[in-house]
Structures are given as C-alpha cells and as structure tokens.
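Peer 1: File query_6.cif below, mmCIF, N, CA and C atoms:
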```
data_start
#
loop_
_atom_site.label_atom_id
_atom_site.label_comp_id
_atom_site.auth_asym_id
_atom_site.auth_seq_id
_atom_site.Cartn_x
_atom_site.Cartn_y
_atom_site.Cartn_z
N MET A 1 -0.85 -12.57 -6.62
CA MET A 1 -1.98 -12.39 -7.52
C MET A 1 -1.77 -13.31 -8.72
N PRO A 2 -2.68 -14.23 -8.96
CA PRO A 2 -2.54 -15.13 -10.11
C PRO A 2 -2.64 -14.36 -11.42
N LYS A 3 -1.88 -14.81 -12.40
CA LYS A 3 -1.89 -14.15 -13.70
C LYS A 3 -3.10 -14.59 -14.53
N ASP A 4 -3.88 -15.55 -14.03
CA ASP A 4 -5.05 -16.05 -14.74
C ASP A 4 -6.22 -15.06 -14.71
N TYR A 5 -6.09 -14.01 -13.90
CA TYR A 5 -7.19 -13.07 -13.72
C TYR A 5 -6.78 -11.65 -14.14
N PRO A 6 -6.68 -11.39 -15.44
CA PRO A 6 -6.28 -10.04 -15.86
C PRO A 6 -7.30 -8.98 -15.45
N ARG A 7 -8.58 -9.32 -15.37
CA ARG A 7 -9.59 -8.35 -14.95
C ARG A 7 -9.35 -7.94 -13.50
N SER A 8 -9.03 -8.91 -12.65
CA SER A 8 -8.73 -8.60 -11.25
C SER A 8 -7.54 -7.66 -11.15
N ARG A 9 -6.54 -7.88 -11.98
CA ARG A 9 -5.36 -7.00 -11.96
C ARG A 9 -5.74 -5.57 -12.39
N ARG A 10 -6.56 -5.45 -13.42
CA ARG A 10 -6.99 -4.12 -13.86
C ARG A 10 -7.81 -3.42 -12.77
N ILE A 11 -8.68 -4.17 -12.12
CA ILE A 11 -9.48 -3.60 -11.04
C ILE A 11 -8.57 -3.16 -9.89
N ALA A 12 -7.59 -3.98 -9.57
CA ALA A 12 -6.65 -3.65 -8.49
C ALA A 12 -5.88 -2.36 -8.81
N GLU A 13 -5.43 -2.23 -10.05
CA GLU A 13 -4.70 -1.02 -10.45
C GLU A 13 -5.60 0.21 -10.39
N GLN A 14 -6.84 0.06 -10.80
CA GLN A 14 -7.78 1.17 -10.76
C GLN A 14 -8.09 1.56 -9.31
N ILE A 15 -8.27 0.57 -8.45
CA ILE A 15 -8.51 0.84 -7.03
C ILE A 15 -7.32 1.58 -6.44
N GLN A 16 -6.11 1.14 -6.79
CA GLN A 16 -4.91 1.78 -6.26
C GLN A 16 -4.84 3.25 -6.66
N ARG A 17 -5.12 3.55 -7.94
CA ARG A 17 -5.08 4.94 -8.42
C ARG A 17 -6.13 5.80 -7.71
N GLU A 18 -7.36 5.30 -7.68
CA GLU A 18 -8.46 6.09 -7.10
C GLU A 18 -8.30 6.25 -5.60
N LEU A 19 -7.92 5.18 -4.93
CA LEU A 19 -7.75 5.22 -3.47
C LEU A 19 -6.63 6.19 -3.09
N SER A 20 -5.60 6.21 -3.88
CA SER A 20 -4.49 7.14 -3.64
C SER A 20 -4.99 8.58 -3.69
N ASP A 21 -5.81 8.90 -4.67
CA ASP A 21 -6.38 10.25 -4.78
C ASP A 21 -7.31 10.56 -3.60
N VAL A 22 -8.17 9.63 -3.25
CA VAL A 22 -9.12 9.85 -2.16
C VAL A 22 -8.38 10.08 -0.85
N ILE A 23 -7.36 9.26 -0.57
CA ILE A 23 -6.60 9.42 0.68
C ILE A 23 -5.89 10.77 0.70
N ARG A 24 -5.30 11.14 -0.42
CA ARG A 24 -4.54 12.39 -0.49
C ARG A 24 -5.44 13.62 -0.39
N LEU A 25 -6.59 13.59 -1.05
CA LEU A 25 -7.42 14.78 -1.17
C LEU A 25 -8.59 14.87 -0.19
N GLU A 26 -9.15 13.74 0.21
CA GLU A 26 -10.41 13.78 0.96
C GLU A 26 -10.33 13.23 2.38
N LEU A 27 -9.35 12.40 2.68
CA LEU A 27 -9.26 11.82 4.03
C LEU A 27 -8.62 12.83 4.97
N LYS A 28 -9.34 13.20 6.01
CA LYS A 28 -8.89 14.28 6.90
C LYS A 28 -8.32 13.76 8.22
N ASP A 29 -8.09 12.48 8.35
CA ASP A 29 -7.59 11.91 9.60
C ASP A 29 -6.12 12.30 9.78
N PRO A 30 -5.78 12.99 10.87
CA PRO A 30 -4.38 13.42 11.08
C PRO A 30 -3.41 12.25 11.29
N ARG A 31 -3.93 11.07 11.64
CA ARG A 31 -3.06 9.91 11.83
C ARG A 31 -2.54 9.36 10.50
N VAL A 32 -3.20 9.73 9.40
CA VAL A 32 -2.76 9.29 8.08
C VAL A 32 -1.98 10.43 7.45
N GLY A 33 -0.67 10.27 7.43
CA GLY A 33 0.18 11.30 6.86
C GLY A 33 0.51 10.98 5.41
N MET A 34 1.76 11.14 5.09
CA MET A 34 2.24 10.86 3.74
C MET A 34 2.46 9.36 3.59
N ILE A 35 1.54 8.70 2.93
CA ILE A 35 1.69 7.27 2.70
C ILE A 35 1.76 7.02 1.20
N THR A 36 2.32 5.89 0.85
CA THR A 36 2.38 5.47 -0.54
C THR A 36 1.71 4.11 -0.64
N LEU A 37 0.76 3.99 -1.54
CA LEU A 37 0.12 2.70 -1.78
C LEU A 37 1.03 1.93 -2.73
N THR A 38 1.52 0.78 -2.27
CA THR A 38 2.48 0.02 -3.07
C THR A 38 1.82 -1.05 -3.92
N ASP A 39 0.68 -1.59 -3.47
CA ASP A 39 0.02 -2.65 -4.24
C ASP A 39 -1.39 -2.85 -3.71
N VAL A 40 -2.22 -3.41 -4.57
CA VAL A 40 -3.57 -3.82 -4.18
C VAL A 40 -3.78 -5.22 -4.75
N GLU A 41 -4.25 -6.13 -3.92
CA GLU A 41 -4.58 -7.49 -4.36
C GLU A 41 -6.08 -7.68 -4.19
N VAL A 42 -6.74 -8.03 -5.27
CA VAL A 42 -8.18 -8.24 -5.25
C VAL A 42 -8.44 -9.75 -5.32
N SER A 43 -9.37 -10.23 -4.49
CA SER A 43 -9.71 -11.64 -4.51
C SER A 43 -10.39 -11.98 -5.85
N PRO A 44 -10.34 -13.25 -6.27
CA PRO A 44 -10.94 -13.62 -7.56
C PRO A 44 -12.43 -13.28 -7.68
N ASP A 45 -13.15 -13.27 -6.56
CA ASP A 45 -14.57 -12.92 -6.62
C ASP A 45 -14.82 -11.41 -6.45
N HIS A 46 -13.75 -10.64 -6.33
CA HIS A 46 -13.79 -9.17 -6.20
C HIS A 46 -14.51 -8.70 -4.95
N ALA A 47 -14.62 -9.55 -3.94
CA ALA A 47 -15.32 -9.17 -2.71
C ALA A 47 -14.37 -8.51 -1.70
N HIS A 48 -13.08 -8.79 -1.81
CA HIS A 48 -12.11 -8.28 -0.84
C HIS A 48 -10.89 -7.74 -1.58
N ALA A 49 -10.31 -6.69 -1.02
CA ALA A 49 -9.09 -6.12 -1.57
C ALA A 49 -8.12 -5.86 -0.43
N ARG A 50 -6.92 -6.36 -0.58
CA ARG A 50 -5.86 -6.10 0.38
C ARG A 50 -5.03 -4.95 -0.17
N VAL A 51 -4.94 -3.85 0.58
CA VAL A 51 -4.23 -2.65 0.14
C VAL A 51 -2.94 -2.54 0.95
N PHE A 52 -1.81 -2.56 0.24
CA PHE A 52 -0.51 -2.48 0.89
C PHE A 52 0.00 -1.05 0.78
N PHE A 53 0.55 -0.55 1.90
CA PHE A 53 1.05 0.82 1.93
C PHE A 53 2.38 0.87 2.66
N THR A 54 3.10 1.95 2.43
CA THR A 54 4.35 2.19 3.14
C THR A 54 4.41 3.65 3.56
N LEU A 55 5.21 3.93 4.57
CA LEU A 55 5.37 5.29 5.04
C LEU A 55 6.70 5.40 5.77
N LEU A 56 7.18 6.61 5.90
CA LEU A 56 8.38 6.85 6.68
C LEU A 56 7.96 7.06 8.11
N GLY A 57 8.49 6.25 9.00
CA GLY A 57 8.11 6.38 10.40
C GLY A 57 8.45 5.13 11.17
N ASP A 58 8.27 5.22 12.48
CA ASP A 58 8.57 4.08 13.33
C ASP A 58 7.37 3.13 13.43
N ARG A 59 7.54 2.08 14.21
CA ARG A 59 6.49 1.07 14.35
C ARG A 59 5.18 1.66 14.90
N GLU A 60 5.32 2.62 15.82
CA GLU A 60 4.12 3.23 16.41
C GLU A 60 3.31 3.98 15.34
N GLN A 61 4.00 4.73 14.48
CA GLN A 61 3.32 5.44 13.40
C GLN A 61 2.68 4.46 12.43
N GLN A 62 3.36 3.35 12.16
CA GLN A 62 2.82 2.34 11.25
C GLN A 62 1.52 1.77 11.80
N SER A 63 1.52 1.43 13.09
CA SER A 63 0.30 0.85 13.66
C SER A 63 -0.81 1.88 13.76
N GLU A 64 -0.48 3.15 14.08
CA GLU A 64 -1.50 4.21 14.12
C GLU A 64 -2.12 4.43 12.75
N THR A 65 -1.26 4.45 11.73
CA THR A 65 -1.75 4.67 10.37
C THR A 65 -2.61 3.51 9.91
N THR A 66 -2.19 2.28 10.22
CA THR A 66 -2.98 1.11 9.87
C THR A 66 -4.35 1.18 10.54
N ALA A 67 -4.38 1.52 11.82
CA ALA A 67 -5.65 1.62 12.54
C ALA A 67 -6.53 2.72 11.95
N ALA A 68 -5.92 3.85 11.58
CA ALA A 68 -6.69 4.96 11.00
C ALA A 68 -7.27 4.56 9.65
N LEU A 69 -6.49 3.87 8.84
CA LEU A 69 -6.98 3.44 7.53
C LEU A 69 -8.10 2.41 7.68
N GLN A 70 -7.96 1.49 8.62
CA GLN A 70 -9.02 0.50 8.86
C GLN A 70 -10.29 1.19 9.34
N HIS A 71 -10.10 2.22 10.19
CA HIS A 71 -11.25 2.97 10.70
C HIS A 71 -11.97 3.70 9.56
N ALA A 72 -11.19 4.18 8.58
CA ALA A 72 -11.75 4.94 7.46
C ALA A 72 -12.14 4.05 6.28
N ALA A 73 -12.02 2.74 6.42
CA ALA A 73 -12.26 1.83 5.29
C ALA A 73 -13.67 1.98 4.72
N GLY A 74 -14.67 2.18 5.54
CA GLY A 74 -16.04 2.35 5.05
C GLY A 74 -16.18 3.62 4.22
N PHE A 75 -15.60 4.72 4.71
CA PHE A 75 -15.63 5.98 3.95
C PHE A 75 -14.89 5.82 2.62
N LEU A 76 -13.71 5.20 2.68
CA LEU A 76 -12.91 5.02 1.46
C LEU A 76 -13.65 4.14 0.45
N ARG A 77 -14.30 3.10 0.96
CA ARG A 77 -15.05 2.21 0.07
C ARG A 77 -16.22 2.95 -0.59
N SER A 78 -16.91 3.79 0.18
CA SER A 78 -18.03 4.53 -0.40
C SER A 78 -17.53 5.54 -1.44
N GLN A 79 -16.37 6.14 -1.22
CA GLN A 79 -15.81 7.06 -2.21
C GLN A 79 -15.40 6.30 -3.48
N LEU A 80 -14.87 5.10 -3.30
CA LEU A 80 -14.53 4.26 -4.46
C LEU A 80 -15.79 3.90 -5.25
N ALA A 81 -16.88 3.64 -4.54
CA ALA A 81 -18.14 3.28 -5.21
C ALA A 81 -18.61 4.39 -6.13
N HIS A 82 -18.36 5.65 -5.73
CA HIS A 82 -18.75 6.77 -6.58
C HIS A 82 -17.84 6.90 -7.80
N ARG A 83 -16.60 6.49 -7.66
CA ARG A 83 -15.61 6.70 -8.72
C ARG A 83 -15.47 5.53 -9.68
N LEU A 84 -15.77 4.31 -9.21
CA LEU A 84 -15.57 3.11 -10.03
C LEU A 84 -16.90 2.60 -10.58
N LYS A 85 -16.84 2.02 -11.74
CA LYS A 85 -18.04 1.42 -12.33
C LYS A 85 -18.01 -0.08 -12.10
N LEU A 86 -18.22 -0.47 -10.84
CA LEU A 86 -18.23 -1.88 -10.46
C LEU A 86 -19.56 -2.22 -9.82
N ARG A 87 -19.98 -3.45 -10.02
CA ARG A 87 -21.23 -3.90 -9.40
C ARG A 87 -21.07 -3.91 -7.87
N THR A 88 -19.98 -4.48 -7.40
CA THR A 88 -19.69 -4.46 -5.97
C THR A 88 -18.27 -3.95 -5.76
N VAL A 89 -18.12 -3.04 -4.83
CA VAL A 89 -16.81 -2.52 -4.48
C VAL A 89 -16.27 -3.40 -3.35
N PRO A 90 -15.03 -3.87 -3.48
CA PRO A 90 -14.50 -4.81 -2.48
C PRO A 90 -14.36 -4.19 -1.09
N GLN A 91 -14.45 -5.06 -0.08
CA GLN A 91 -14.13 -4.68 1.29
C GLN A 91 -12.62 -4.40 1.33
N LEU A 92 -12.21 -3.33 2.01
CA LEU A 92 -10.80 -2.95 2.03
C LEU A 92 -10.14 -3.41 3.32
N GLN A 93 -8.95 -3.98 3.17
CA GLN A 93 -8.14 -4.37 4.32
C GLN A 93 -6.75 -3.79 4.08
N PHE A 94 -6.23 -3.04 5.05
CA PHE A 94 -4.96 -2.36 4.89
C PHE A 94 -3.84 -3.10 5.61
N LYS A 95 -2.71 -3.22 4.91
CA LYS A 95 -1.54 -3.92 5.47
C LYS A 95 -0.31 -3.06 5.22
N TYR A 96 0.54 -2.96 6.25
CA TYR A 96 1.80 -2.24 6.07
C TYR A 96 2.74 -3.11 5.23
N ASP A 97 3.37 -2.51 4.24
CA ASP A 97 4.27 -3.22 3.33
C ASP A 97 5.71 -2.97 3.76
N ALA A 98 6.31 -3.96 4.38
CA ALA A 98 7.68 -3.82 4.89
C ALA A 98 8.73 -4.13 3.83
N SER A 99 8.33 -4.50 2.63
CA SER A 99 9.30 -4.90 1.61
C SER A 99 10.20 -3.73 1.20
N VAL A 100 9.66 -2.52 1.15
CA VAL A 100 10.47 -1.35 0.78
C VAL A 100 11.54 -1.12 1.85
N GLU A 101 11.12 -1.21 3.10
CA GLU A 101 12.04 -1.04 4.22
C GLU A 101 13.14 -2.10 4.19
N ARG A 102 12.76 -3.35 3.92
CA ARG A 102 13.76 -4.43 3.82
C ARG A 102 14.70 -4.19 2.65
N GLY A 103 14.18 -3.69 1.54
CA GLY A 103 15.00 -3.41 0.37
C GLY A 103 16.04 -2.33 0.65
N VAL A 104 15.64 -1.27 1.35
CA VAL A 104 16.57 -0.20 1.71
C VAL A 104 17.65 -0.74 2.64
N ARG A 105 17.25 -1.54 3.61
CA ARG A 105 18.22 -2.11 4.57
C ARG A 105 19.20 -3.04 3.84
N LEU A 106 18.69 -3.85 2.92
CA LEU A 106 19.55 -4.76 2.16
C LEU A 106 20.51 -3.96 1.29
N SER A 107 20.05 -2.91 0.68
CA SER A 107 20.91 -2.05 -0.15
C SER A 107 22.02 -1.42 0.68
N GLN A 108 21.69 -0.99 1.91
CA GLN A 108 22.70 -0.41 2.80
C GLN A 108 23.75 -1.46 3.16
N LEU A 109 23.31 -2.69 3.42
CA LEU A 109 24.26 -3.76 3.76
C LEU A 109 25.19 -4.06 2.58
N ILE A 110 24.65 -4.08 1.38
CA ILE A 110 25.45 -4.33 0.18
C ILE A 110 26.46 -3.21 -0.02
N ASP A 111 26.00 -1.96 0.13
CA ASP A 111 26.90 -0.81 -0.01
C ASP A 111 28.03 -0.87 1.02
N ALA A 112 27.70 -1.24 2.26
CA ALA A 112 28.72 -1.35 3.31
C ALA A 112 29.71 -2.45 2.99
N ALA A 113 29.24 -3.58 2.47
CA ALA A 113 30.12 -4.69 2.13
C ALA A 113 31.04 -4.31 0.98
N VAL A 114 30.51 -3.62 -0.03
CA VAL A 114 31.32 -3.19 -1.18
C VAL A 114 32.36 -2.16 -0.73
N ALA A 115 31.96 -1.23 0.14
CA ALA A 115 32.90 -0.24 0.64
C ALA A 115 34.00 -0.90 1.48
N GLY A 116 33.64 -1.93 2.24
CA GLY A 116 34.62 -2.66 3.05
C GLY A 116 35.63 -3.40 2.17
N ASN A 117 35.16 -4.01 1.06
CA ASN A 117 36.04 -4.73 0.15
C ASN A 117 36.97 -3.78 -0.59
N SER A 118 36.49 -2.64 -1.02
CA SER A 118 37.33 -1.71 -1.78
C SER A 118 38.35 -1.05 -0.86
N ALA A 119 38.06 -0.93 0.43
CA ALA A 119 39.02 -0.36 1.38
C ALA A 119 40.16 -1.33 1.65
N LYS A 120 39.91 -2.64 1.56
CA LYS A 120 40.92 -3.66 1.83
C LYS A 120 41.88 -3.85 0.66
N LYS A 121 41.45 -3.53 -0.56
CA LYS A 121 42.29 -3.73 -1.73
C LYS A 121 43.37 -2.65 -1.78
N PRO A 122 44.62 -3.04 -2.17
CA PRO A 122 45.73 -2.05 -2.22
C PRO A 122 45.62 -1.14 -3.42
#
```
Mind turning the file's structure into structure tokens?
Peer 2:
Amino acid sequence: MPKDYPRSRRIAEQIQRELSDVIRLELKDPRVGMITLTDVEVSPDHAHARVFFTLLGDREQQSETTAALQHAAGFLRSQLAHRLKLRTVPQLQFKYDASVERGVRLSQLIDAAVAGNSAKKP
C-alpha cells in the first residue's frame, strides 16, 4: 500500500474493523470459523479491496474458508455499504495470509537453533 494515499489507508482500516464485526456477528456460513483479518489493501480508486485473513487449520480448511468468504462477498459488501459512508463500496477479494504461519515456523526454527547451541556449550 503506497504511503501517498492516507485516505485509502483510513478506508482500509475502517473496512477491516467493520468487516470483522460483520463476519463475527452476521455471517452464518459454517465454513467460516474463527478467522482473523490481518490486513486490507484498497486500490487507489477505491473500487477493489483485497482482504487478507488467517486461521488455524490445514490447507483444506483454508481453501474452504476462502471459497466461503468469496461466496459471501456480495452480502459482506452490502453490509459494509450500510455501515460505511462511502460513495462506492469496494469489491471484496479474500486472500489467505500465510505470513503469520511463516513467522511462527521461523520462530520455532530460531528457538530450536538457540536450544541446540546452548546444549553444546559446556
């Protein structure tokens, strides 16, 4: 997200807050369990928003949740339209955010390496 567009950043943050509430309170799809919205990127023309999420689960759950969110994108967008004061509400596209998973894996590798080094020292 370019830093030249502070309005886009504010809109993205507002979309993230509102969408989080709508998914938690109003979305009844059983394929969408406990997810965390990690980021929202809004295009400079505010026509599209990429919503990044993470969840605990395997690849199958990730793909099911992504499909469920894409299926519910129209409903979520209409709920956002009621909550946000925007001329046009962006089209929503959902992407699984693997960065949290990579961060946990990297942290585990670092911890294992540190534990290995301290075990070798007399």
Peer 1: Pick the closest to Leu76 of chain A from A:Ala47, A:Ala115, A:Val22, A:Val40: which is it, counting only C-alpha atoms?
Peer 2: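 Checking each candidate against Leu76 of chain A, we get A:Val22 as the closest.
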Peer 1: Grab the atom N of Thr36 of chain A to atom N of Gln108 of chain A distance for me, in Å with one decimal place.
Peer 2: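 The value is 20.6 Å.
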Peer 1: Would you return as a list in words the members of chain A that DSSP assigns to strand (DSSP E) on this structure's backbone?
Peer 2: Ile35, Thr36, Leu37, Thr38, Asp39, Val40, Glu41, Val42, His48, Ala49, Arg50, Val51, Phe52, Phe53, Thr54, Leu55, Gln91, Leu92, Gln93, Phe94, Lys95 and Tyr96 of chain A
Peer 1: I need the output of the PyMOL selection byres ((chain A and resi 52) around 8) for this file as a list in words; which residues are they?
Peer 2: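 Listing what the PyMOL selection byres ((chain A and resi 52) around 8) selects in the shown file: Thr36, Leu37, Thr38, Asp39, Val40, Glu41, Ala49, Arg50, Val51, Phe53, Thr54, Gln93, Phe94, Lys95, Tyr96, Asp97 and Ala98 of chain A.
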Peer 1: Please write as a PDB file with N, CA and C atoms, in the coordinates of the input the full residue list that the PyMOL selection byres (((chain A and resi 46 and name CA) around 8) and name CA) yields on this file.
Peer 2:
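Just written: part-v8.pdb:
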```pdb
ATOM      1  N   SER A   8      -9.030  -8.910 -12.650  1.00  0.00           N
ATOM      2  CA  SER A   8      -8.730  -8.600 -11.250  1.00  0.00           C
ATOM      3  C   SER A   8      -7.540  -7.660 -11.150  1.00  0.00           C
ATOM      4  N   VAL A  42      -6.740  -8.030  -5.270  1.00  0.00           N
ATOM      5  CA  VAL A  42      -8.180  -8.240  -5.250  1.00  0.00           C
ATOM      6  C   VAL A  42      -8.440  -9.750  -5.320  1.00  0.00           C
ATOM      7  N   SER A  43      -9.370 -10.230  -4.490  1.00  0.00           N
ATOM      8  CA  SER A  43      -9.710 -11.640  -4.510  1.00  0.00           C
ATOM      9  C   SER A  43     -10.390 -11.980  -5.850  1.00  0.00           C
ATOM     10  N   PRO A  44     -10.340 -13.250  -6.270  1.00  0.00           N
ATOM     11  CA  PRO A  44     -10.940 -13.620  -7.560  1.00  0.00           C
ATOM     12  C   PRO A  44     -12.430 -13.280  -7.680  1.00  0.00           C
ATOM     13  N   ASP A  45     -13.150 -13.270  -6.560  1.00  0.00           N
ATOM     14  CA  ASP A  45     -14.570 -12.920  -6.620  1.00  0.00           C
ATOM     15  C   ASP A  45     -14.820 -11.410  -6.450  1.00  0.00           C
ATOM     16  N   ALA A  47     -14.620  -9.550  -3.940  1.00  0.00           N
ATOM     17  CA  ALA A  47     -15.320  -9.170  -2.710  1.00  0.00           C
ATOM     18  C   ALA A  47     -14.370  -8.510  -1.700  1.00  0.00           C
ATOM     19  N   HIS A  48     -13.080  -8.790  -1.810  1.00  0.00           N
ATOM     20  CA  HIS A  48     -12.110  -8.280  -0.840  1.00  0.00           C
ATOM     21  C   HIS A  48     -10.890  -7.740  -1.580  1.00  0.00           C
ATOM     22  N   ALA A  49     -10.310  -6.690  -1.020  1.00  0.00           N
ATOM     23  CA  ALA A  49      -9.090  -6.120  -1.570  1.00  0.00           C
ATOM     24  C   ALA A  49      -8.120  -5.860  -0.430  1.00  0.00           C
ATOM     25  N   THR A  88     -19.980  -4.480  -7.400  1.00  0.00           N
ATOM     26  CA  THR A  88     -19.690  -4.460  -5.970  1.00  0.00           C
ATOM     27  C   THR A  88     -18.270  -3.950  -5.760  1.00  0.00           C
ATOM     28  N   VAL A  89     -18.120  -3.040  -4.830  1.00  0.00           N
ATOM     29  CA  VAL A  89     -16.810  -2.520  -4.480  1.00  0.00           C
ATOM     30  C   VAL A  89     -16.270  -3.400  -3.350  1.00  0.00           C
ATOM     31  N   PRO A  90     -15.030  -3.870  -3.480  1.00  0.00           N
ATOM     32  CA  PRO A  90     -14.500  -4.810  -2.480  1.00  0.00           C
ATOM     33  C   PRO A  90     -14.360  -4.190  -1.090  1.00  0.00           C
TER      34      PRO A  90
END
```
Peer 1: For atom CA of Ala67 of chain A and atom CA of Asp29 of chain A, quote the distance in Å rounded to one decimal.
Peer 2: 10.9 Å
Peer 1: Please measure the separation of atom C of Leu109 of chain A and atom C of Asp58 of chain A, giving the value in Å to one decimal.
Peer 2: 22.1 Å
